[in-house]
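Dropping structure14.cif in here (mmCIF, C-alpha atoms):
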```
data_query
#
loop_
_atom_site.label_atom_id
_atom_site.label_comp_id
_atom_site.auth_asym_id
_atom_site.auth_seq_id
_atom_site.Cartn_x
_atom_site.Cartn_y
_atom_site.Cartn_z
CA MET A 16 -4.15 -18.42 29.16
CA ALA A 17 -0.49 -17.82 28.47
CA THR A 18 0.31 -14.80 26.35
CA LYS A 19 1.41 -15.62 22.84
CA LYS A 20 3.33 -13.56 20.33
CA PHE A 21 1.10 -12.78 17.37
CA MET A 22 2.58 -11.36 14.17
CA TYR A 23 0.34 -9.89 11.48
CA VAL A 24 2.16 -9.69 8.14
CA ASN A 25 0.78 -7.13 5.68
CA ARG A 26 1.93 -7.44 2.08
CA ARG A 27 -0.87 -5.78 0.06
CA ALA A 28 -1.60 -2.22 -0.96
CA PRO A 29 -4.82 -0.68 0.43
CA TYR A 30 -8.09 -0.32 -1.59
CA GLY A 31 -7.18 -2.49 -4.61
CA THR A 32 -8.04 -5.56 -2.55
CA ILE A 33 -9.75 -6.03 0.83
CA TYR A 34 -6.69 -7.59 2.54
CA ALA A 35 -5.37 -4.42 4.22
CA TRP A 36 -8.70 -3.47 5.73
CA GLU A 37 -9.42 -7.05 6.84
CA ALA A 38 -6.01 -7.29 8.52
CA LEU A 39 -6.67 -4.11 10.46
CA GLU A 40 -10.06 -5.41 11.61
CA VAL A 41 -8.56 -8.70 12.76
CA VAL A 42 -5.76 -6.93 14.62
CA LEU A 43 -8.20 -4.65 16.43
CA ILE A 44 -10.49 -7.55 17.37
CA GLY A 45 -7.49 -9.67 18.39
CA ALA A 46 -6.20 -6.86 20.60
CA ALA A 47 -9.07 -7.56 22.99
CA PHE A 48 -7.49 -10.93 23.85
CA GLU A 49 -4.45 -9.30 25.42
CA GLN A 50 -1.83 -11.08 23.39
CA ASP A 51 1.60 -9.71 22.48
CA VAL A 52 0.75 -8.26 19.07
CA SER A 53 3.14 -7.07 16.36
CA MET A 54 2.47 -5.94 12.81
CA ALA A 55 4.87 -6.06 9.89
CA PHE A 56 4.57 -4.11 6.64
CA VAL A 57 6.41 -5.72 3.75
CA ASP A 58 6.21 -5.48 -0.06
CA ASP A 59 3.16 -3.41 -1.13
CA GLY A 60 2.02 -3.49 2.49
CA VAL A 61 4.18 -0.41 3.14
CA PHE A 62 1.74 1.57 0.96
CA GLN A 63 -0.94 1.09 3.65
CA LEU A 64 0.85 3.52 5.95
CA MET A 65 1.26 6.36 3.44
CA LYS A 66 0.25 9.82 4.61
CA GLY A 67 -2.41 11.93 2.95
CA GLN A 68 -4.81 9.25 1.74
CA ASP A 69 -8.08 10.75 0.52
CA THR A 70 -10.68 8.29 -0.74
CA ALA A 71 -13.50 10.79 -1.37
CA GLY A 72 -13.10 10.29 -5.12
CA ILE A 73 -13.34 6.49 -5.14
CA ASP A 74 -16.34 6.10 -2.84
CA MET A 75 -14.53 3.81 -0.39
CA LYS A 76 -13.89 4.15 3.33
CA ASN A 77 -10.56 5.78 4.12
CA PHE A 78 -9.32 3.46 6.85
CA SER A 79 -5.84 4.98 7.09
CA PRO A 80 -6.68 7.10 10.20
CA THR A 81 -7.38 3.83 12.03
CA TYR A 82 -3.67 2.97 12.11
CA SER A 83 -3.12 5.83 14.53
CA ALA A 84 -5.52 4.14 16.99
CA LEU A 85 -3.39 0.99 17.20
CA GLY A 86 -1.32 2.44 20.05
CA ASP A 87 -4.47 2.74 22.18
CA TYR A 88 -5.07 -0.97 21.64
CA GLU A 89 -1.55 -1.71 22.87
CA VAL A 90 -0.33 -2.55 19.41
CA THR A 91 2.98 -0.75 19.76
CA LYS A 92 5.35 -2.80 17.63
CA ILE A 93 4.94 -1.90 13.98
CA TYR A 94 7.77 -3.16 11.82
CA VAL A 95 8.37 -1.57 8.41
CA GLU A 96 10.79 -3.30 6.09
CA LYS A 97 13.48 -0.96 4.78
CA GLU A 98 14.07 -2.77 1.48
CA SER A 99 10.37 -2.59 0.55
CA LEU A 100 10.24 1.14 1.28
CA GLU A 101 13.37 1.89 -0.75
CA GLU A 102 12.26 -0.16 -3.75
CA ARG A 103 9.12 2.00 -3.90
CA GLY A 104 10.92 5.32 -3.59
CA LEU A 105 9.55 5.89 -0.08
CA THR A 106 11.12 7.00 3.20
CA LEU A 107 9.70 7.07 6.73
CA ASP A 108 8.72 10.70 6.08
CA ASP A 109 6.15 9.49 3.54
CA LEU A 110 4.45 7.37 6.21
CA GLN A 111 2.13 8.33 9.04
CA HIS A 112 3.82 9.06 12.35
CA LEU A 113 2.42 6.38 14.65
CA VAL A 114 2.91 6.64 18.39
CA TRP A 115 1.84 5.01 21.65
CA GLU A 116 1.85 6.21 25.24
CA ASP A 117 3.98 4.32 27.74
CA GLU A 118 2.04 3.86 30.96
CA ASP A 119 5.24 2.91 32.83
CA GLU A 120 6.96 6.16 31.91
CA ASP A 121 4.28 8.69 32.82
CA TRP A 122 2.51 8.21 29.46
CA ALA A 123 5.53 9.31 27.48
CA GLU A 124 4.81 9.28 23.76
CA LYS A 125 6.93 6.77 21.85
CA ASP A 126 7.28 5.83 18.20
CA SER A 127 5.47 2.66 17.17
CA ILE A 128 7.19 2.25 13.83
CA ARG A 129 10.45 0.34 13.78
CA LEU A 130 12.36 0.50 10.52
CA VAL A 131 14.08 -2.85 10.06
CA SER A 132 16.01 -4.65 7.35
CA ARG A 133 14.72 -7.85 5.79
CA ALA A 134 17.27 -9.85 7.78
CA GLU A 135 16.24 -8.17 11.02
CA LEU A 136 12.57 -8.79 10.33
CA ALA A 137 13.32 -12.45 9.63
CA GLU A 138 14.78 -12.60 13.15
CA VAL A 139 11.63 -11.00 14.57
CA PHE A 140 9.49 -13.55 12.69
CA ALA A 141 11.57 -16.38 14.16
CA GLY A 142 10.67 -15.25 17.66
CA GLN A 143 6.88 -15.28 17.12
CA ASP A 144 4.40 -17.96 18.18
CA VAL A 145 1.69 -17.34 15.57
CA MET A 146 1.79 -15.74 12.11
CA PHE A 147 -1.22 -14.18 10.38
CA ASN A 148 -0.82 -13.33 6.72
CA PHE A 149 -2.67 -10.73 4.71
CA MET B 24 -6.81 0.66 -34.78
CA SER B 25 -5.86 2.20 -31.44
CA ILE B 26 -6.11 0.30 -28.18
CA LEU B 27 -6.53 1.72 -24.70
CA HIS B 28 -4.55 -0.56 -22.41
CA ILE B 29 -5.95 -0.50 -18.87
CA VAL B 30 -3.98 -1.88 -15.93
CA ASN B 31 -5.22 -2.10 -12.32
CA LYS B 32 -2.53 -4.19 -10.60
CA SER B 33 0.50 -3.00 -8.64
CA PRO B 34 3.68 -3.22 -10.73
CA TYR B 35 5.44 -4.56 -7.63
CA GLU B 36 3.08 -7.49 -7.31
CA ARG B 37 2.29 -8.49 -10.90
CA ASN B 38 3.87 -8.01 -14.31
CA SER B 39 0.68 -6.54 -15.83
CA VAL B 40 2.08 -3.04 -16.38
CA ALA B 41 5.23 -4.39 -18.02
CA LEU B 42 3.25 -6.77 -20.21
CA ALA B 43 0.82 -4.05 -21.29
CA VAL B 44 3.76 -1.83 -22.24
CA ASP B 45 5.26 -4.67 -24.28
CA TYR B 46 1.99 -5.01 -26.18
CA MET B 47 1.60 -1.32 -26.92
CA ARG B 48 1.88 -0.15 -30.52
CA ASP B 49 2.04 3.35 -32.01
CA GLY B 50 -1.12 5.27 -31.23
CA ASP B 51 -2.00 3.10 -28.23
CA THR B 52 -2.53 4.59 -24.76
CA LEU B 53 -1.77 3.21 -21.31
CA LEU B 54 -4.22 4.00 -18.52
CA LEU B 55 -3.17 3.14 -14.97
CA ILE B 56 -5.96 2.73 -12.40
CA GLU B 57 -6.37 1.31 -8.87
CA ASP B 58 -3.11 -0.27 -7.60
CA ALA B 59 -1.37 0.31 -10.95
CA VAL B 60 -1.11 4.02 -10.09
CA TYR B 61 1.86 3.15 -7.84
CA THR B 62 3.85 2.82 -11.08
CA VAL B 63 4.19 6.61 -11.38
CA MET B 64 5.81 7.16 -7.98
CA GLN B 65 9.05 9.08 -8.23
CA GLY B 66 12.08 7.09 -7.07
CA GLY B 67 10.16 3.83 -7.28
CA LYS B 68 11.79 0.97 -9.14
CA ALA B 69 8.67 0.41 -11.28
CA ALA B 70 8.70 3.92 -12.75
CA SER B 71 11.23 2.82 -15.37
CA ILE B 72 8.71 0.34 -16.83
CA ILE B 73 6.76 3.19 -18.41
CA ASP B 74 9.79 5.21 -19.54
CA GLY B 75 9.04 6.86 -22.87
CA GLN B 76 5.42 5.66 -22.90
CA LYS B 77 2.35 7.81 -23.05
CA ALA B 78 0.91 7.00 -19.63
CA ILE B 79 -2.27 8.36 -18.09
CA VAL B 80 -3.30 7.85 -14.45
CA LEU B 81 -6.66 8.06 -12.73
CA GLY B 82 -6.61 10.98 -10.27
CA PRO B 83 -9.09 9.66 -7.68
CA ASP B 84 -7.00 6.49 -7.32
CA LEU B 85 -3.84 8.58 -6.80
CA ALA B 86 -5.57 10.65 -4.10
CA ALA B 87 -6.93 7.58 -2.31
CA ARG B 88 -3.42 6.21 -2.02
CA GLY B 89 -1.83 9.46 -0.86
CA ILE B 90 0.25 9.99 -3.99
CA ALA B 91 0.63 13.77 -4.29
CA LYS B 92 1.65 15.53 -7.49
CA GLU B 93 5.20 16.11 -6.20
CA LYS B 94 5.60 12.37 -5.60
CA MET B 95 4.92 11.59 -9.25
CA ILE B 96 7.35 11.23 -12.15
CA ASP B 97 7.22 13.94 -14.82
CA GLY B 98 5.19 13.72 -18.00
CA VAL B 99 2.27 11.73 -16.67
CA GLU B 100 -1.23 12.93 -17.46
CA VAL B 101 -3.90 12.73 -14.76
CA VAL B 102 -7.58 12.25 -15.63
CA ASP B 103 -10.80 11.98 -13.62
CA TYR B 104 -13.63 9.51 -14.30
CA ALA B 105 -15.05 11.68 -17.10
CA GLY B 106 -11.58 11.68 -18.68
CA PHE B 107 -11.55 7.88 -18.36
CA VAL B 108 -14.78 7.74 -20.37
CA ASP B 109 -13.35 10.12 -22.98
CA LEU B 110 -10.30 7.86 -23.40
CA VAL B 111 -12.49 4.81 -23.91
CA GLU B 112 -14.55 6.69 -26.45
CA ALA B 113 -11.48 7.94 -28.31
CA SER B 114 -10.01 4.45 -28.65
CA ASP B 115 -11.17 1.79 -31.07
CA LYS B 116 -11.10 -0.81 -28.32
CA THR B 117 -9.89 -1.43 -24.81
CA GLN B 118 -7.70 -4.17 -23.42
CA SER B 119 -7.86 -4.67 -19.64
CA TRP B 120 -4.81 -6.43 -18.25
CA LEU B 121 -6.59 -7.82 -15.18
#
```

Show this structure as structure tokens.
Amino acid sequence: MATKKFMYVNRRAPYGTIYAWEALEVVLIGAAFEQDVSMAFVDDGVFQLMKGQDTAGIDMKNFSPTYSALGDYEVTKIYVEKESLEERGLTLDDLQHLVWEDEDEDWAEKDSIRLVSRAELAEVFAGQDVMFNF
Amino acid sequence: MSILHIVNKSPYERNSVALAVDYMRDGDTLLLIEDAVYTVMQGGKAASIIDGQKAIVLGPDLAARGIAKEKMIDGVEVVDYAGFVDLVEASDKTQSWL
């Protein structure tokens, strides 16, 4: 089976709806099929990656630590849209630091998050084979 | 007759917070829960929607979303679930902008 480029587009905040958690589950399951996987965080989707989430008070599972496991599943391209972050008063410092280890470079730790403009992300979308929307 | 206006939708996705504010009259209170708590983030475009309004946010929903005190705009009151109940009790009725 030829490798395809899969893009998972995340546009919802976590917890208020089930979309964010479902997307993460689908990405992790999909990772087993050895496709070329990317994730994009746009609109309220950028809120999913915020640091310091603590759900003890709302009796829901805190799935935010799971994002840091994506690198181990070879999901190493995580696009965050700059305009969405800025509109919400956020910077990269407000987000989790996500990394992956590059097998070809003696397991050097590399950043997974790529901060891109809307125009740049549109270019990335254009190069994908399949889009999944959450 | 005071109304407690409750909003649970992100101000970046729906106009519920803005509409609730438009409907508020003297003596009314705005309570932001679930995804509506993103309204109070400092530097966020939506913060201006509640300028000059008496806004109250639900603490457990702030914590779940990683919104620390220093990331919030000034003058917002934070309540827990017991405080939520007190607000409902203190108001004549509630209006949920679902």

Which residues, named as in the file, does the PyMOL selection byres ((chain A) within 9 of (chain B)) pick out? Answer as a PyMOL selection string. chain A and resi 27-32+58-59+62-63+65-73+75+77+100-105

Expressed in Å, the length from atom CA of Gly60 of chain A to atom CA of Asn38 of chain B is 17.5 Å

Might you pull out every residue within 6 Å of segment 85-92 of chain A, with only C-alpha atoms counted and same-chain residues fewer than 5 positions away left off, and present them as an MDAnalysis selection string? chainID A and resid 52:53 115 127

Using all atoms listed in the file, determine which residues lie at most 12 Å from Asp49 of chain B, disregarding the query and same-chain residues fewer than 4 positions distant; provide the list as a count of residues only. 9

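For the pair atom CA of Val57 of chain A and atom CA of Ser99 of chain A, the interatomic distance is 6.0 Å.
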
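Residues selected in this file by the PyMOL selection byres ((chain A and resi 17-19) around 12) comprise Met16, Lys20, Phe21, Met22, Gly45, Ala46, Phe48, Glu49, Gln50, Asp51, Val52, Ser53, Gly142, Gln143, Asp144, Val145 and Met146 of chain A.
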
Using C-alpha atoms, can you export the residues from the last selection as a JSON list (two decimals), in the frame of the given file?
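And here's selection_38.json as it stands now:
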```json
[["chain", "number", "residue", "atom", "x", "y", "z"],
["A", 16, "MET", "CA", -4.15, -18.42, 29.16],
["A", 20, "LYS", "CA", 3.33, -13.56, 20.33],
["A", 21, "PHE", "CA", 1.10, -12.78, 17.37],
["A", 22, "MET", "CA", 2.58, -11.36, 14.17],
["A", 45, "GLY", "CA", -7.49, -9.67, 18.39],
["A", 46, "ALA", "CA", -6.20, -6.86, 20.60],
["A", 48, "PHE", "CA", -7.49, -10.93, 23.85],
["A", 49, "GLU", "CA", -4.45, -9.30, 25.42],
["A", 50, "GLN", "CA", -1.83, -11.08, 23.39],
["A", 51, "ASP", "CA", 1.60, -9.71, 22.48],
["A", 52, "VAL", "CA", 0.75, -8.26, 19.07],
["A", 53, "SER", "CA", 3.14, -7.07, 16.36],
["A", 142, "GLY", "CA", 10.67, -15.25, 17.66],
["A", 143, "GLN", "CA", 6.88, -15.28, 17.12],
["A", 144, "ASP", "CA", 4.40, -17.96, 18.18],
["A", 145, "VAL", "CA", 1.69, -17.34, 15.57],
["A", 146, "MET", "CA", 1.79, -15.74, 12.11]]
```

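Note that the spacing between atom CA of Ala43 of chain B and atom CA of Trp120 of chain B amounts to 6.8 Å.
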
Please complete segment 75-86 of chain A so it has all heavy atoms, and hand it over as a PDB file, keeping the file's coordinate frame.
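part-v1.pdb, written as the output of this step:
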```pdb
ATOM      1  N   MET A  75     -14.875   4.892  -1.315  1.00  0.00           N
ATOM      2  CA  MET A  75     -14.530   3.810  -0.390  1.00  0.00           C
ATOM      3  C   MET A  75     -14.150   4.427   0.941  1.00  0.00           C
ATOM      4  O   MET A  75     -13.761   5.587   0.996  1.00  0.00           O
ATOM      5  CB  MET A  75     -13.333   3.005  -0.919  1.00  0.00           C
ATOM      6  CG  MET A  75     -13.658   2.113  -2.097  1.00  0.00           C
ATOM      7  SD  MET A  75     -12.180   1.258  -2.698  1.00  0.00           S
ATOM      8  CE  MET A  75     -11.993  -0.032  -1.481  1.00  0.00           C
ATOM      9  N   LYS A  76     -14.257   3.638   2.005  1.00  0.00           N
ATOM     10  CA  LYS A  76     -13.890   4.150   3.330  1.00  0.00           C
ATOM     11  C   LYS A  76     -12.385   4.350   3.405  1.00  0.00           C
ATOM     12  O   LYS A  76     -11.604   3.468   3.036  1.00  0.00           O
ATOM     13  CB  LYS A  76     -14.330   3.142   4.396  1.00  0.00           C
ATOM     14  CG  LYS A  76     -14.031   3.587   5.824  1.00  0.00           C
ATOM     15  CD  LYS A  76     -14.352   2.449   6.799  1.00  0.00           C
ATOM     16  CE  LYS A  76     -13.814   2.727   8.191  1.00  0.00           C
ATOM     17  NZ  LYS A  76     -14.520   3.805   8.887  1.00  0.00           N
ATOM     18  N   ASN A  77     -11.984   5.525   3.886  1.00  0.00           N
ATOM     19  CA  ASN A  77     -10.560   5.780   4.120  1.00  0.00           C
ATOM     20  C   ASN A  77     -10.238   5.230   5.507  1.00  0.00           C
ATOM     21  O   ASN A  77     -10.564   5.836   6.519  1.00  0.00           O
ATOM     22  CB  ASN A  77     -10.279   7.285   4.065  1.00  0.00           C
ATOM     23  CG  ASN A  77      -8.827   7.609   4.359  1.00  0.00           C
ATOM     24  OD1 ASN A  77      -8.008   6.710   4.574  1.00  0.00           O
ATOM     25  ND2 ASN A  77      -8.501   8.891   4.365  1.00  0.00           N
ATOM     26  N   PHE A  78      -9.596   4.056   5.534  1.00  0.00           N
ATOM     27  CA  PHE A  78      -9.320   3.460   6.850  1.00  0.00           C
ATOM     28  C   PHE A  78      -7.936   3.820   7.375  1.00  0.00           C
ATOM     29  O   PHE A  78      -7.541   3.367   8.443  1.00  0.00           O
ATOM     30  CB  PHE A  78      -9.516   1.941   6.819  1.00  0.00           C
ATOM     31  CG  PHE A  78      -8.729   1.226   5.762  1.00  0.00           C
ATOM     32  CD1 PHE A  78      -7.412   0.857   5.995  1.00  0.00           C
ATOM     33  CD2 PHE A  78      -9.311   0.909   4.546  1.00  0.00           C
ATOM     34  CE1 PHE A  78      -6.679   0.179   5.026  1.00  0.00           C
ATOM     35  CE2 PHE A  78      -8.587   0.233   3.571  1.00  0.00           C
ATOM     36  CZ  PHE A  78      -7.275  -0.132   3.802  1.00  0.00           C
ATOM     37  N   SER A  79      -7.208   4.666   6.642  1.00  0.00           N
ATOM     38  CA  SER A  79      -5.840   4.980   7.090  1.00  0.00           C
ATOM     39  C   SER A  79      -5.763   5.684   8.453  1.00  0.00           C
ATOM     40  O   SER A  79      -4.794   5.461   9.184  1.00  0.00           O
ATOM     41  CB  SER A  79      -5.079   5.766   6.014  1.00  0.00           C
ATOM     42  OG  SER A  79      -5.597   7.064   5.855  1.00  0.00           O
ATOM     43  N   PRO A  80      -6.775   6.503   8.844  1.00  0.00           N
ATOM     44  CA  PRO A  80      -6.680   7.100  10.200  1.00  0.00           C
ATOM     45  C   PRO A  80      -6.720   6.054  11.312  1.00  0.00           C
ATOM     46  O   PRO A  80      -6.281   6.321  12.424  1.00  0.00           O
ATOM     47  CB  PRO A  80      -7.903   8.023  10.261  1.00  0.00           C
ATOM     48  CG  PRO A  80      -8.242   8.314   8.838  1.00  0.00           C
ATOM     49  CD  PRO A  80      -7.926   7.042   8.100  1.00  0.00           C
ATOM     50  N   THR A  81      -7.263   4.871  11.004  1.00  0.00           N
ATOM     51  CA  THR A  81      -7.380   3.830  12.030  1.00  0.00           C
ATOM     52  C   THR A  81      -6.020   3.354  12.545  1.00  0.00           C
ATOM     53  O   THR A  81      -5.894   2.923  13.686  1.00  0.00           O
ATOM     54  CB  THR A  81      -8.180   2.631  11.464  1.00  0.00           C
ATOM     55  OG1 THR A  81      -9.347   3.140  10.812  1.00  0.00           O
ATOM     56  CG2 THR A  81      -8.611   1.680  12.564  1.00  0.00           C
ATOM     57  N   TYR A  82      -4.995   3.434  11.678  1.00  0.00           N
ATOM     58  CA  TYR A  82      -3.670   2.970  12.110  1.00  0.00           C
ATOM     59  C   TYR A  82      -3.176   3.749  13.333  1.00  0.00           C
ATOM     60  O   TYR A  82      -2.461   3.219  14.170  1.00  0.00           O
ATOM     61  CB  TYR A  82      -2.642   3.078  10.975  1.00  0.00           C
ATOM     62  CG  TYR A  82      -2.925   2.134   9.834  1.00  0.00           C
ATOM     63  CD1 TYR A  82      -3.536   2.575   8.664  1.00  0.00           C
ATOM     64  CD2 TYR A  82      -2.605   0.778   9.929  1.00  0.00           C
ATOM     65  CE1 TYR A  82      -3.825   1.713   7.618  1.00  0.00           C
ATOM     66  CE2 TYR A  82      -2.882  -0.102   8.897  1.00  0.00           C
ATOM     67  CZ  TYR A  82      -3.498   0.373   7.737  1.00  0.00           C
ATOM     68  OH  TYR A  82      -3.783  -0.496   6.717  1.00  0.00           O
ATOM     69  N   SER A  83      -3.583   5.025  13.405  1.00  0.00           N
ATOM     70  CA  SER A  83      -3.120   5.830  14.530  1.00  0.00           C
ATOM     71  C   SER A  83      -3.795   5.432  15.846  1.00  0.00           C
ATOM     72  O   SER A  83      -3.367   5.842  16.922  1.00  0.00           O
ATOM     73  CB  SER A  83      -3.316   7.325  14.245  1.00  0.00           C
ATOM     74  OG  SER A  83      -4.679   7.585  14.064  1.00  0.00           O
ATOM     75  N   ALA A  84      -4.844   4.617  15.776  1.00  0.00           N
ATOM     76  CA  ALA A  84      -5.520   4.140  16.990  1.00  0.00           C
ATOM     77  C   ALA A  84      -4.866   2.882  17.540  1.00  0.00           C
ATOM     78  O   ALA A  84      -5.157   2.450  18.650  1.00  0.00           O
ATOM     79  CB  ALA A  84      -6.994   3.880  16.689  1.00  0.00           C
ATOM     80  N   LEU A  85      -3.989   2.270  16.772  1.00  0.00           N
ATOM     81  CA  LEU A  85      -3.390   0.990  17.200  1.00  0.00           C
ATOM     82  C   LEU A  85      -2.692   1.097  18.551  1.00  0.00           C
ATOM     83  O   LEU A  85      -2.758   0.182  19.368  1.00  0.00           O
ATOM     84  CB  LEU A  85      -2.403   0.498  16.130  1.00  0.00           C
ATOM     85  CG  LEU A  85      -3.043  -0.033  14.845  1.00  0.00           C
ATOM     86  CD1 LEU A  85      -1.993  -0.192  13.750  1.00  0.00           C
ATOM     87  CD2 LEU A  85      -3.741  -1.369  15.102  1.00  0.00           C
ATOM     88  N   GLY A  86      -2.028   2.238  18.780  1.00  0.00           N
ATOM     89  CA  GLY A  86      -1.320   2.440  20.050  1.00  0.00           C
ATOM     90  C   GLY A  86      -2.254   2.320  21.245  1.00  0.00           C
ATOM     91  O   GLY A  86      -1.883   1.771  22.283  1.00  0.00           O
TER      92      GLY A  86
END
```
